[in-house]
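Source file: protein_8.csv; contents: CSV, C-alpha atoms.
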chain,number,residue,atom,x,y,z
A,113,MET,CA,0.0,0.0,0.0
A,114,ARG,CA,1.2,3.5,-0.9
A,115,LYS,CA,2.2,5.5,2.2
A,116,SER,CA,0.9,9.1,2.6
A,117,HIS,CA,3.4,11.8,2.3
A,118,PRO,CA,4.2,13.5,5.7
A,119,VAL,CA,3.6,17.0,4.3
A,120,ARG,CA,0.3,16.1,2.9
A,121,ARG,CA,-0.8,14.6,6.3
A,122,ALA,CA,0.1,17.9,8.0
A,123,VAL,CA,-1.9,20.0,5.5
A,124,LEU,CA,-5.0,17.8,5.9
A,125,ALA,CA,-4.7,18.0,9.7
A,126,GLY,CA,-4.4,21.8,9.7
A,127,ALA,CA,-7.5,22.1,7.4
A,128,ALA,CA,-9.5,19.9,9.7
A,129,THR,CA,-8.5,22.0,12.7
A,130,VAL,CA,-9.5,25.3,11.0
A,131,SER,CA,-12.9,23.8,10.0
A,132,GLY,CA,-13.6,22.7,13.5
A,133,ILE,CA,-12.8,26.2,14.9
A,134,VAL,CA,-15.1,27.8,12.3
A,135,LEU,CA,-17.9,25.4,13.2
A,136,LEU,CA,-17.5,26.1,17.0
A,137,LEU,CA,-17.6,29.9,16.4
A,138,SER,CA,-20.7,29.6,14.3
A,139,LEU,CA,-22.5,27.8,17.1
A,140,LYS,CA,-21.3,30.1,20.0
A,141,PRO,CA,-24.1,32.4,21.2
A,142,ALA,CA,-23.7,36.1,20.7
A,143,SER,CA,-22.2,37.8,23.7
A,144,ASP,CA,-22.4,41.4,22.6
A,145,PRO,CA,-24.9,43.2,24.8
A,146,GLY,CA,-26.1,45.5,22.0
A,147,SER,CA,-26.8,42.5,19.8
A,148,ALA,CA,-28.7,40.7,22.5
A,149,GLN,CA,-30.8,43.7,23.2
A,150,ALA,CA,-31.5,44.3,19.6
A,151,ALA,CA,-32.6,40.7,19.2
A,152,SER,CA,-35.0,41.0,22.1
A,153,GLY,CA,-36.5,44.2,20.8
A,154,GLN,CA,-35.0,46.3,23.6
A,155,LEU,CA,-32.8,49.3,22.9
A,156,PRO,CA,-29.7,50.3,24.9
A,157,PRO,CA,-30.4,53.0,27.5
A,158,ALA,CA,-29.1,55.8,25.3
A,159,ALA,CA,-31.2,54.8,22.3
A,160,ALA,CA,-34.3,54.4,24.5
A,161,GLY,CA,-34.3,58.1,25.2
A,162,GLN,CA,-33.2,57.8,28.8
A,163,ALA,CA,-31.7,61.0,30.3
A,164,PRO,CA,-28.1,61.0,31.5
A,165,GLN,CA,-27.3,60.8,35.2
A,166,GLY,CA,-27.8,63.9,37.2
A,167,GLY,CA,-31.2,64.8,35.9
A,168,VAL,CA,-34.4,65.7,37.7
A,169,ASN,CA,-35.4,63.7,40.8
A,170,GLY,CA,-38.8,63.7,42.4
A,171,ALA,CA,-42.4,64.5,41.3
A,172,VAL,CA,-43.4,66.9,38.6
A,173,THR,CA,-47.1,67.7,37.9
A,174,GLY,CA,-48.2,68.9,34.5
A,175,ASP,CA,-50.8,71.5,33.8
A,176,ALA,CA,-54.5,70.5,34.0
A,177,VAL,CA,-55.8,70.2,30.5
A,178,GLN,CA,-59.5,70.8,29.9
A,179,THR,CA,-61.2,68.3,27.5
A,180,GLN,CA,-64.7,68.0,26.2
A,181,TYR,CA,-65.4,65.4,29.0
A,182,GLY,CA,-63.4,66.9,31.9
A,183,ALA,CA,-59.9,67.8,33.0
A,184,VAL,CA,-56.8,65.6,32.6
A,185,GLN,CA,-53.6,66.2,34.6
A,186,VAL,CA,-50.5,64.1,34.7
A,187,ARG,CA,-48.0,63.7,37.5
A,188,LEU,CA,-44.6,62.1,36.8
A,189,THR,CA,-42.1,60.6,39.2
A,190,MET,CA,-38.5,61.0,37.9
A,191,SER,CA,-35.2,59.6,38.9
A,192,ASN,CA,-32.0,61.0,37.3
A,193,GLY,CA,-34.1,62.6,34.6
A,194,LYS,CA,-35.9,59.4,33.7
A,195,ILE,CA,-39.7,58.8,34.1
A,196,THR,CA,-40.1,56.0,36.5
A,197,GLN,CA,-43.9,56.4,37.1
A,198,ALA,CA,-46.7,58.3,35.4
A,199,GLU,CA,-50.2,58.8,36.9
A,200,ALA,CA,-53.3,60.8,36.1
A,201,VAL,CA,-54.2,62.9,39.1
A,202,GLN,CA,-57.2,64.2,37.2
A,203,ALA,CA,-59.2,62.4,34.5
A,204,PRO,CA,-62.8,62.6,33.1
A,205,LYS,CA,-65.3,60.9,35.4
A,206,GLY,CA,-69.0,60.3,35.6
A,207,GLY,CA,-71.2,58.0,33.5
A,208,ARG,CA,-69.5,56.5,30.5
A,209,SER,CA,-66.3,58.5,31.3
A,210,ASP,CA,-65.6,56.2,34.3
A,211,GLN,CA,-65.3,53.2,32.0
A,212,ILE,CA,-63.2,55.0,29.4
A,213,THR,CA,-60.8,56.4,32.0
A,214,ALA,CA,-60.4,53.1,33.8
A,215,SER,CA,-59.4,51.4,30.6
A,216,SER,CA,-57.3,54.1,28.9
A,217,VAL,CA,-55.4,55.8,31.7
A,218,PRO,CA,-53.3,52.8,32.8
A,219,ARG,CA,-52.3,52.2,29.2
A,220,LEU,CA,-51.3,55.9,28.8
A,221,ASN,CA,-49.3,55.7,32.0
A,222,GLN,CA,-47.4,52.7,30.7
A,223,ALA,CA,-46.8,54.3,27.4
A,224,ALA,CA,-45.4,57.4,29.0
A,225,VAL,CA,-42.9,55.4,31.0
A,226,ALA,CA,-42.0,53.3,28.0
A,227,ALA,CA,-41.6,56.2,25.6
A,228,GLN,CA,-40.0,58.7,28.0
A,229,ASN,CA,-41.7,61.5,26.1
A,230,ALA,CA,-45.2,62.7,25.1
A,231,ASP,CA,-45.1,61.1,21.6
A,232,ILE,CA,-47.4,58.3,22.6
A,233,ASP,CA,-50.3,56.7,20.7
A,234,ALA,CA,-53.9,57.7,21.6
A,235,VAL,CA,-56.0,54.9,23.1
A,236,SER,CA,-58.8,53.8,20.8
A,237,GLY,CA,-62.1,55.0,22.0
A,238,ALA,CA,-60.5,57.6,24.3
A,239,THR,CA,-59.5,60.3,21.9
A,240,TYR,CA,-60.2,63.3,24.1
A,241,THR,CA,-58.7,61.8,27.2
A,242,SER,CA,-55.5,60.7,25.2
A,243,ALA,CA,-55.1,64.2,23.8
A,244,GLY,CA,-55.4,65.8,27.2
A,245,TYR,CA,-53.1,63.3,28.7
A,246,LYS,CA,-50.4,63.9,26.1
A,247,LYS,CA,-50.7,67.7,26.5
A,248,SER,CA,-50.4,67.5,30.3
A,249,LEU,CA,-47.5,65.0,30.0
A,250,GLN,CA,-45.7,67.4,27.7
A,251,SER,CA,-46.2,70.2,30.2
A,252,ALA,CA,-44.7,68.1,33.0
A,253,LEU,CA,-41.7,67.2,30.9
A,254,ASP,CA,-41.2,70.9,30.1
A,255,LYS,CA,-41.2,71.7,33.8
A,256,ALA,CA,-38.7,68.9,34.5
A,257,LYS,CA,-36.5,70.2,31.7
A,258,ALA,CA,-36.7,73.8,33.1
A,259,SER,CA,-35.8,72.5,36.5
A,260,ALA,CA,-32.9,70.5,35.2
A,261,GLY,CA,-31.7,73.5,33.2
A,262,GLY,CA,-31.8,75.7,36.3
A,263,ALA,CA,-29.8,73.2,38.3
A,264,GLN,CA,-27.1,73.0,35.7
A,265,GLY,CA,-26.6,76.7,35.3
A,266,SER,CA,-28.3,79.8,34.2
A,267,GLY,CA,-26.6,79.8,30.8
A,268,ASN,CA,-28.5,76.7,29.6
A,269,ALA,CA,-31.6,77.2,27.5
A,270,GLN,CA,-34.8,76.1,29.2
A,271,THR,CA,-38.3,75.6,27.7
A,272,VAL,CA,-41.2,76.4,30.0
A,273,THR,CA,-44.9,76.1,29.2
A,274,GLY,CA,-47.3,78.4,30.9
A,275,ASP,CA,-50.8,77.4,32.2
A,276,VAL,CA,-53.8,77.5,29.9
A,277,ALA,CA,-55.6,80.8,30.1
A,278,GLN,CA,-59.3,80.5,29.2
A,279,THR,CA,-60.8,83.4,27.3
A,280,GLN,CA,-64.2,84.2,25.9
A,281,TYR,CA,-63.1,83.0,22.5
A,282,GLY,CA,-60.9,80.0,23.4
A,283,PRO,CA,-57.8,79.0,25.4
A,284,VAL,CA,-54.4,80.7,25.2
A,285,GLN,CA,-51.2,79.0,26.2
A,286,VAL,CA,-47.7,80.3,25.9
A,287,ARG,CA,-44.4,78.5,25.8
A,288,ILE,CA,-41.1,80.4,26.3
A,289,THR,CA,-37.4,79.6,25.9
A,290,VAL,CA,-35.2,81.2,28.6
A,291,ALA,CA,-31.4,81.3,28.3
A,292,GLY,CA,-29.1,83.1,30.8
A,293,GLY,CA,-32.2,84.4,32.6
A,294,LYS,CA,-33.5,86.1,29.4
A,295,VAL,CA,-36.5,85.2,27.3
A,296,THR,CA,-35.1,84.3,23.9
A,297,LYS,CA,-38.2,82.9,22.3
A,298,ALA,CA,-42.0,83.0,22.9
A,299,GLU,CA,-44.8,81.1,21.1
A,300,ALA,CA,-48.4,80.5,21.5
A,301,VAL,CA,-49.1,76.7,21.6
A,302,GLN,CA,-52.8,77.4,21.9
A,303,ALA,CA,-54.8,80.4,20.7
A,304,PRO,CA,-58.4,81.1,19.7
A,305,LYS,CA,-59.4,79.6,16.4
A,306,GLY,CA,-62.4,79.3,14.1
A,307,GLY,CA,-64.2,82.0,12.1
A,308,ARG,CA,-63.0,85.5,12.9
A,309,SER,CA,-60.7,84.2,15.6
A,310,ASP,CA,-58.3,82.8,12.9
A,311,GLN,CA,-57.6,86.2,11.5
A,312,ILE,CA,-57.2,87.9,14.9
A,313,THR,CA,-54.9,85.2,16.1
A,314,ALA,CA,-52.8,85.3,13.0
A,315,SER,CA,-52.3,89.1,13.3
A,316,SER,CA,-51.9,89.4,17.1
A,317,VAL,CA,-49.9,86.4,18.3
A,318,PRO,CA,-46.7,87.2,16.4
A,319,ARG,CA,-46.8,90.7,17.8
A,320,LEU,CA,-47.3,89.4,21.3
A,321,ASN,CA,-44.5,86.9,20.9
A,322,GLN,CA,-42.1,89.7,19.8
A,323,ALA,CA,-43.2,91.9,22.7
A,324,ALA,CA,-42.6,89.1,25.2
A,325,VAL,CA,-39.0,88.6,24.0
A,326,ALA,CA,-38.4,92.3,23.8
A,327,THR,CA,-39.6,93.1,27.4
A,328,GLY,CA,-38.7,89.8,29.0
A,329,SER,CA,-41.8,90.1,31.1
A,330,ALA,CA,-45.6,89.9,30.9
A,331,GLU,CA,-46.0,93.7,31.1
A,332,ILE,CA,-46.8,93.9,27.4
A,333,ASP,CA,-49.4,96.0,25.6
A,334,ALA,CA,-52.6,94.5,24.4
A,335,VAL,CA,-52.9,94.3,20.6
A,336,SER,CA,-55.7,96.5,19.3
A,337,GLY,CA,-58.7,94.4,18.3
A,338,ALA,CA,-57.4,91.3,20.2
A,339,THR,CA,-58.2,92.3,23.8
A,340,TYR,CA,-59.2,88.9,25.0
A,341,THR,CA,-56.4,87.0,23.3
A,342,SER,CA,-53.9,89.6,24.6
A,343,ALA,CA,-55.2,89.2,28.2
A,344,GLY,CA,-55.0,85.4,28.0
A,345,TYR,CA,-51.5,85.6,26.5
A,346,ARG,CA,-50.2,87.8,29.2
A,347,LYS,CA,-51.7,85.5,31.9
A,348,SER,CA,-50.2,82.4,30.5
A,349,LEU,CA,-46.9,84.2,29.9
A,350,GLN,CA,-46.7,85.3,33.5
A,351,SER,CA,-47.3,81.7,34.5
A,352,ALA,CA,-44.4,80.5,32.3
A,353,LEU,CA,-42.2,83.2,33.8
A,354,ASP,CA,-43.1,82.1,37.3
A,355,LYS,CA,-42.1,78.5,36.5
A,356,ALA,CA,-38.7,79.5,34.9
A,357,PRO,CA,-35.9,79.2,37.4
A,358,ALA,CA,-34.6,82.7,38.0
A,359,GLY,CA,-31.0,83.4,36.9
A,360,GLY,CA,-28.3,85.7,38.2
A,361,SER,CA,-28.7,88.1,41.1
A,362,SER,CA,-32.5,88.3,40.6
A,363,SER,CA,-32.8,84.7,42.0
A,364,GLN,CA,-30.9,85.5,45.2
A,365,ALA,CA,-32.1,86.9,48.4
A,366,ALA,CA,-30.0,87.9,51.3
A,367,GLY,CA,-30.0,85.4,54.1
A,368,SER,CA,-28.9,85.5,57.7
A,369,GLY,CA,-25.2,85.8,58.5
A,370,GLY,CA,-24.5,87.4,55.1
A,371,GLY,CA,-25.3,84.2,53.2
A,372,GLN,CA,-27.7,84.0,50.2
A,373,ALA,CA,-30.6,81.7,49.6
A,374,GLN,CA,-32.3,81.1,46.3
A,375,THR,CA,-35.8,82.5,45.9
A,376,GLN,CA,-38.4,81.1,43.5
A,377,THR,CA,-41.9,82.2,42.6
A,378,LEU,CA,-43.9,79.2,41.5
A,379,THR,CA,-47.5,79.0,40.2
A,380,GLY,CA,-49.4,75.8,40.6
A,381,SER,CA,-51.7,74.3,38.0
A,382,VAL,CA,-55.4,75.4,37.9
A,383,ALA,CA,-57.6,73.2,40.0
A,384,GLN,CA,-61.2,73.1,38.8
A,385,THR,CA,-63.8,72.9,41.6
A,386,GLN,CA,-67.6,72.8,41.6
A,387,TYR,CA,-67.7,76.6,42.2
A,388,GLY,CA,-64.8,77.7,40.0
A,389,PRO,CA,-61.0,77.4,39.5
A,390,VAL,CA,-58.4,77.7,42.2
A,391,GLN,CA,-54.8,78.5,41.5
A,392,VAL,CA,-52.0,79.1,44.0
A,393,ARG,CA,-48.7,80.9,43.7
A,394,ILE,CA,-46.0,80.5,46.3
A,395,THR,CA,-42.6,82.1,47.0
A,396,VAL,CA,-39.9,79.7,48.2
A,397,THR,CA,-36.7,80.9,49.7
A,398,GLY,CA,-34.0,78.5,50.8
A,399,GLY,CA,-36.4,75.6,50.3
A,400,LYS,CA,-39.0,77.1,52.6
A,401,VAL,CA,-42.4,78.5,51.6
A,402,THR,CA,-42.3,82.2,52.6
A,403,LYS,CA,-45.5,83.3,50.9
A,404,ALA,CA,-48.7,81.8,49.4
A,405,GLU,CA,-51.5,83.5,47.6
A,406,ALA,CA,-54.5,82.4,45.5
A,407,VAL,CA,-54.3,84.0,42.0
A,408,GLN,CA,-57.6,82.4,41.2
A,409,ALA,CA,-60.5,81.5,43.5
A,410,PRO,CA,-64.2,81.0,43.2
A,411,LYS,CA,-66.1,84.3,42.8
A,412,GLY,CA,-69.7,85.6,42.4
A,413,GLY,CA,-72.6,85.4,44.8
A,414,ARG,CA,-72.0,83.4,47.9
A,415,SER,CA,-68.5,82.4,46.7
A,416,ASP,CA,-67.1,85.9,47.2
A,417,GLN,CA,-67.8,85.6,51.0
A,418,ILE,CA,-66.4,82.1,51.2
A,419,THR,CA,-63.3,83.0,49.3
A,420,SER,CA,-62.6,86.1,51.3
A,421,ALA,CA,-62.9,84.2,54.6
A,422,SER,CA,-61.1,81.0,53.6
A,423,VAL,CA,-58.2,81.9,51.3
A,424,PRO,CA,-56.3,84.0,53.8
A,425,ARG,CA,-56.4,81.2,56.3
A,426,LEU,CA,-55.3,78.7,53.6
A,427,ASN,CA,-52.4,81.0,52.7
A,428,GLN,CA,-51.3,81.1,56.3
A,429,ALA,CA,-51.6,77.4,56.7
A,430,ALA,CA,-49.5,76.8,53.5
A,431,VAL,CA,-46.7,79.0,54.9
A,432,ALA,CA,-46.8,77.4,58.3
A,433,ALA,CA,-46.9,73.8,57.1
A,434,GLY,CA,-44.5,74.2,54.2
A,435,ASN,CA,-46.5,71.5,52.3
A,436,ALA,CA,-50.0,70.7,51.0
A,437,GLN,CA,-51.0,68.7,54.1
A,438,ILE,CA,-53.2,71.5,55.4
A,439,ASP,CA,-56.7,71.3,57.0
A,440,ALA,CA,-59.7,72.3,55.0
A,441,VAL,CA,-61.5,75.5,56.1
A,442,SER,CA,-64.9,74.8,57.5
A,443,GLY,CA,-67.6,75.8,55.1
A,444,ALA,CA,-65.1,76.0,52.2
A,445,THR,CA,-64.6,72.3,51.4
A,446,TYR,CA,-64.3,72.6,47.6
A,447,THR,CA,-62.1,75.7,47.7
A,448,SER,CA,-59.9,74.1,50.2
A,449,ALA,CA,-59.5,70.9,48.1
A,450,GLY,CA,-58.7,72.9,45.0
A,451,TYR,CA,-56.2,75.1,46.9
A,452,ARG,CA,-54.4,72.0,48.2
A,453,GLN,CA,-54.2,70.5,44.8
A,454,SER,CA,-52.8,73.6,43.1
A,455,LEU,CA,-50.5,74.1,46.1
A,456,GLN,CA,-49.1,70.6,45.7
A,457,SER,CA,-48.5,71.3,42.0
A,458,ALA,CA,-46.5,74.4,42.8
A,459,LEU,CA,-44.5,72.5,45.4
A,460,ASP,CA,-43.7,69.8,42.9
A,461,GLN,CA,-42.0,72.5,40.7
A,462,ALA,CA,-39.8,73.8,43.5
A,463,ASP,CA,-36.0,72.9,43.3
A,464,GLY,CA,-34.9,70.9,46.3
Could you render the structure from this file as structure tokens?
Amino acid sequence: MRKSHPVRRAVLAGAATVSGIVLLLSLKPASDPGSAQAASGQLPPAAAGQAPQGGVNGAVTGDAVQTQYGAVQVRLTMSNGKITQAEAVQAPKGGRSDQITASSVPRLNQAAVAAQNADIDAVSGATYTSAGYKKSLQSALDKAKASAGGAQGSGNAQTVTGDVAQTQYGPVQVRITVAGGKVTKAEAVQAPKGGRSDQITASSVPRLNQAAVATGSAEIDAVSGATYTSAGYRKSLQSALDKAPAGGSSSQAAGSGGGQAQTQTLTGSVAQTQYGPVQVRITVTGGKVTKAEAVQAPKGGRSDQITSASVPRLNQAAVAAGNAQIDAVSGATYTSAGYRQSLQSALDQADG
């Protein structure tokens, strides 16, 4: 029998070894974390839209958004700038709304946490609730962004959305961009529309936006022929300015012993009650509530007397307690409940 040549045997052995290694590599499971996440349908944290470490921590409450079936208001719990929990502290109720709310809100909450933004799908059969939810969610995110910007330094641009101001011809809501303590951009995210209102809005809002940037305050002139829109614009603008963390020396107040403590003026969301809206504005210095006032309260008829008797006591209680756990004033149950809700919203916005 013919013997195999030694060189040929070595070549064949080497080829077999290489083939074996290739086969083993092809069978080895992927160990790259990115590949594994992609295969499972999960994105890495950065791609999933998670905020970097050092972001907002705590609760942030969005504005109350009025819908055809009732108010919707979203509160977020955040950790390092990431949404860890979302809940609707207000949602349509009564009759058919109870069923719609019960089925749609949990899904919207889950979607908000999953998306980490307000670009979430509407729930089928809950169009109005979904729209209100997304709008309030965006408002909460804007407040969180403003708070984070203020913590990082006054030179960073912050986007802040004011409360919705209801006018005779429709709602007005203003969003501003603040950089270095100065208003660099203003826009109306809501304005009266339909019929004659379209023309009035188109001519007045751009002028109001320019005036807001030029003055840096809500002390702007009303546009002729747009009295109601102008009034609503200024009201929402003031709300946005109240929410924007102050920059520079204007945000400092002298403290004892020559030190300085940051002072913030914060306006809570509008709380709708059976007798009218309630909205609270607080001043916080060094993390302590130093002043509380109701910028809106029920009025007209019997409400005037109840408001004048109860609101001063609620203001005092808010300063004394430093939180929203204050007792209701006897005979003013609805006003007290609305006050506490708006107060909590303002406290949620406070830094630290």
Place a sphere of radius 9 Å on (-63.3, 79.3, 54.5) in the file coordinates and name every protein, DNA or RNA residue with an atom inside or on its surface, counting all atoms listed in the file; give the answer as a ChimeraX atom specification.
-> /A:417-426,440-445,447-448
Between A:Arg219, A:Arg346, A:Lys297, A:Lys255, which one has atoms that come closest to Ala238 of chain A, using all atoms listed in the file?
-> A:Arg219
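Note that the spacing between atom CA of Thr385 of chain A and atom CA of Leu353 of chain A amounts to 25.2 Å.
For the atom pair formed by atom CA of Gln270 of chain A and atom CA of Thr289 of chain A, the distance is 5.5 Å, given to one decimal.
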Rank A:Thr296, A:Gln228, A:Ser415, A:Ser251 by their smallest atom-to-atom distance to Val172 of chain A, using all atoms listed in the file, and report the top residue only.
-> A:Ser251
Reconstruct all heavy atoms of segment 211-221 of chain A from the incomplete input and present them as a PDB file, in the coordinates of the input.
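Just written: rebuild-v9.pdb:
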ATOM      1  N   GLN A 211     -65.732  54.405  32.713  1.00  0.00           N
ATOM      2  CA  GLN A 211     -65.300  53.200  32.000  1.00  0.00           C
ATOM      3  C   GLN A 211     -64.094  53.509  31.095  1.00  0.00           C
ATOM      4  O   GLN A 211     -63.087  52.781  31.049  1.00  0.00           O
ATOM      5  CB  GLN A 211     -66.403  52.553  31.252  1.00  0.00           C
ATOM      6  CG  GLN A 211     -66.036  51.236  30.587  1.00  0.00           C
ATOM      7  CD  GLN A 211     -67.226  50.606  29.870  1.00  0.00           C
ATOM      8  OE1 GLN A 211     -68.379  51.015  30.088  1.00  0.00           O
ATOM      9  NE2 GLN A 211     -66.965  49.646  29.002  1.00  0.00           N
ATOM     10  N   ILE A 212     -64.226  54.611  30.366  1.00  0.00           N
ATOM     11  CA  ILE A 212     -63.200  55.000  29.400  1.00  0.00           C
ATOM     12  C   ILE A 212     -61.883  55.326  30.168  1.00  0.00           C
ATOM     13  O   ILE A 212     -60.786  54.907  29.783  1.00  0.00           O
ATOM     14  CB  ILE A 212     -63.633  56.193  28.571  1.00  0.00           C
ATOM     15  CG1 ILE A 212     -64.798  55.768  27.669  1.00  0.00           C
ATOM     16  CG2 ILE A 212     -62.486  56.744  27.745  1.00  0.00           C
ATOM     17  CD1 ILE A 212     -65.421  56.900  26.878  1.00  0.00           C
ATOM     18  N   THR A 213     -62.015  56.065  31.258  1.00  0.00           N
ATOM     19  CA  THR A 213     -60.800  56.400  32.000  1.00  0.00           C
ATOM     20  C   THR A 213     -60.161  55.198  32.621  1.00  0.00           C
ATOM     21  O   THR A 213     -58.934  55.062  32.586  1.00  0.00           O
ATOM     22  CB  THR A 213     -61.242  57.399  33.184  1.00  0.00           C
ATOM     23  OG1 THR A 213     -61.619  58.654  32.618  1.00  0.00           O
ATOM     24  CG2 THR A 213     -60.110  57.612  34.165  1.00  0.00           C
ATOM     25  N   ALA A 214     -60.963  54.297  33.163  1.00  0.00           N
ATOM     26  CA  ALA A 214     -60.400  53.100  33.800  1.00  0.00           C
ATOM     27  C   ALA A 214     -59.650  52.216  32.803  1.00  0.00           C
ATOM     28  O   ALA A 214     -58.675  51.550  33.169  1.00  0.00           O
ATOM     29  CB  ALA A 214     -61.543  52.279  34.427  1.00  0.00           C
ATOM     30  N   SER A 215     -60.069  52.214  31.544  1.00  0.00           N
ATOM     31  CA  SER A 215     -59.400  51.400  30.600  1.00  0.00           C
ATOM     32  C   SER A 215     -58.253  52.065  29.845  1.00  0.00           C
ATOM     33  O   SER A 215     -57.286  51.423  29.439  1.00  0.00           O
ATOM     34  CB  SER A 215     -60.410  50.860  29.518  1.00  0.00           C
ATOM     35  OG  SER A 215     -60.939  51.949  28.774  1.00  0.00           O
ATOM     36  N   SER A 216     -58.329  53.386  29.713  1.00  0.00           N
ATOM     37  CA  SER A 216     -57.300  54.100  28.900  1.00  0.00           C
ATOM     38  C   SER A 216     -56.162  54.647  29.720  1.00  0.00           C
ATOM     39  O   SER A 216     -55.006  54.601  29.268  1.00  0.00           O
ATOM     40  CB  SER A 216     -57.982  55.246  28.142  1.00  0.00           C
ATOM     41  OG  SER A 216     -58.519  56.213  29.028  1.00  0.00           O
ATOM     42  N   VAL A 217     -56.427  55.166  30.911  1.00  0.00           N
ATOM     43  CA  VAL A 217     -55.400  55.800  31.700  1.00  0.00           C
ATOM     44  C   VAL A 217     -54.210  54.893  32.023  1.00  0.00           C
ATOM     45  O   VAL A 217     -53.035  55.263  31.875  1.00  0.00           O
ATOM     46  CB  VAL A 217     -55.939  56.525  32.923  1.00  0.00           C
ATOM     47  CG1 VAL A 217     -54.832  56.916  33.894  1.00  0.00           C
ATOM     48  CG2 VAL A 217     -56.733  57.762  32.509  1.00  0.00           C
ATOM     49  N   PRO A 218     -54.474  53.658  32.500  1.00  0.00           N
ATOM     50  CA  PRO A 218     -53.300  52.800  32.800  1.00  0.00           C
ATOM     51  C   PRO A 218     -52.466  52.523  31.557  1.00  0.00           C
ATOM     52  O   PRO A 218     -51.242  52.443  31.668  1.00  0.00           O
ATOM     53  CB  PRO A 218     -54.025  51.475  33.248  1.00  0.00           C
ATOM     54  CG  PRO A 218     -55.342  51.925  33.808  1.00  0.00           C
ATOM     55  CD  PRO A 218     -55.770  53.044  32.903  1.00  0.00           C
ATOM     56  N   ARG A 219     -53.074  52.440  30.391  1.00  0.00           N
ATOM     57  CA  ARG A 219     -52.300  52.200  29.200  1.00  0.00           C
ATOM     58  C   ARG A 219     -51.484  53.460  28.799  1.00  0.00           C
ATOM     59  O   ARG A 219     -50.347  53.360  28.333  1.00  0.00           O
ATOM     60  CB  ARG A 219     -53.247  51.834  28.020  1.00  0.00           C
ATOM     61  CG  ARG A 219     -53.942  50.501  28.256  1.00  0.00           C
ATOM     62  CD  ARG A 219     -55.107  50.276  27.318  1.00  0.00           C
ATOM     63  NE  ARG A 219     -54.705  50.196  25.930  1.00  0.00           N
ATOM     64  CZ  ARG A 219     -55.569  50.050  24.929  1.00  0.00           C
ATOM     65  NH1 ARG A 219     -56.864  49.949  25.182  1.00  0.00           N
ATOM     66  NH2 ARG A 219     -55.137  49.989  23.678  1.00  0.00           N
ATOM     67  N   LEU A 220     -52.070  54.627  29.023  1.00  0.00           N
ATOM     68  CA  LEU A 220     -51.300  55.900  28.800  1.00  0.00           C
ATOM     69  C   LEU A 220     -50.170  56.019  29.736  1.00  0.00           C
ATOM     70  O   LEU A 220     -49.088  56.470  29.347  1.00  0.00           O
ATOM     71  CB  LEU A 220     -52.290  57.061  28.866  1.00  0.00           C
ATOM     72  CG  LEU A 220     -53.371  57.154  27.777  1.00  0.00           C
ATOM     73  CD1 LEU A 220     -54.448  58.163  28.162  1.00  0.00           C
ATOM     74  CD2 LEU A 220     -52.738  57.536  26.439  1.00  0.00           C
ATOM     75  N   ASN A 221     -50.402  55.638  30.988  1.00  0.00           N
ATOM     76  CA  ASN A 221     -49.300  55.700  32.000  1.00  0.00           C
ATOM     77  C   ASN A 221     -48.149  54.809  31.569  1.00  0.00           C
ATOM     78  O   ASN A 221     -46.982  55.212  31.637  1.00  0.00           O
ATOM     79  CB  ASN A 221     -49.837  55.242  33.355  1.00  0.00           C
ATOM     80  CG  ASN A 221     -50.809  56.225  33.979  1.00  0.00           C
ATOM     81  OD1 ASN A 221     -50.834  57.401  33.628  1.00  0.00           O
ATOM     82  ND2 ASN A 221     -51.627  55.751  34.901  1.00  0.00           N
TER      83      ASN A 221
END
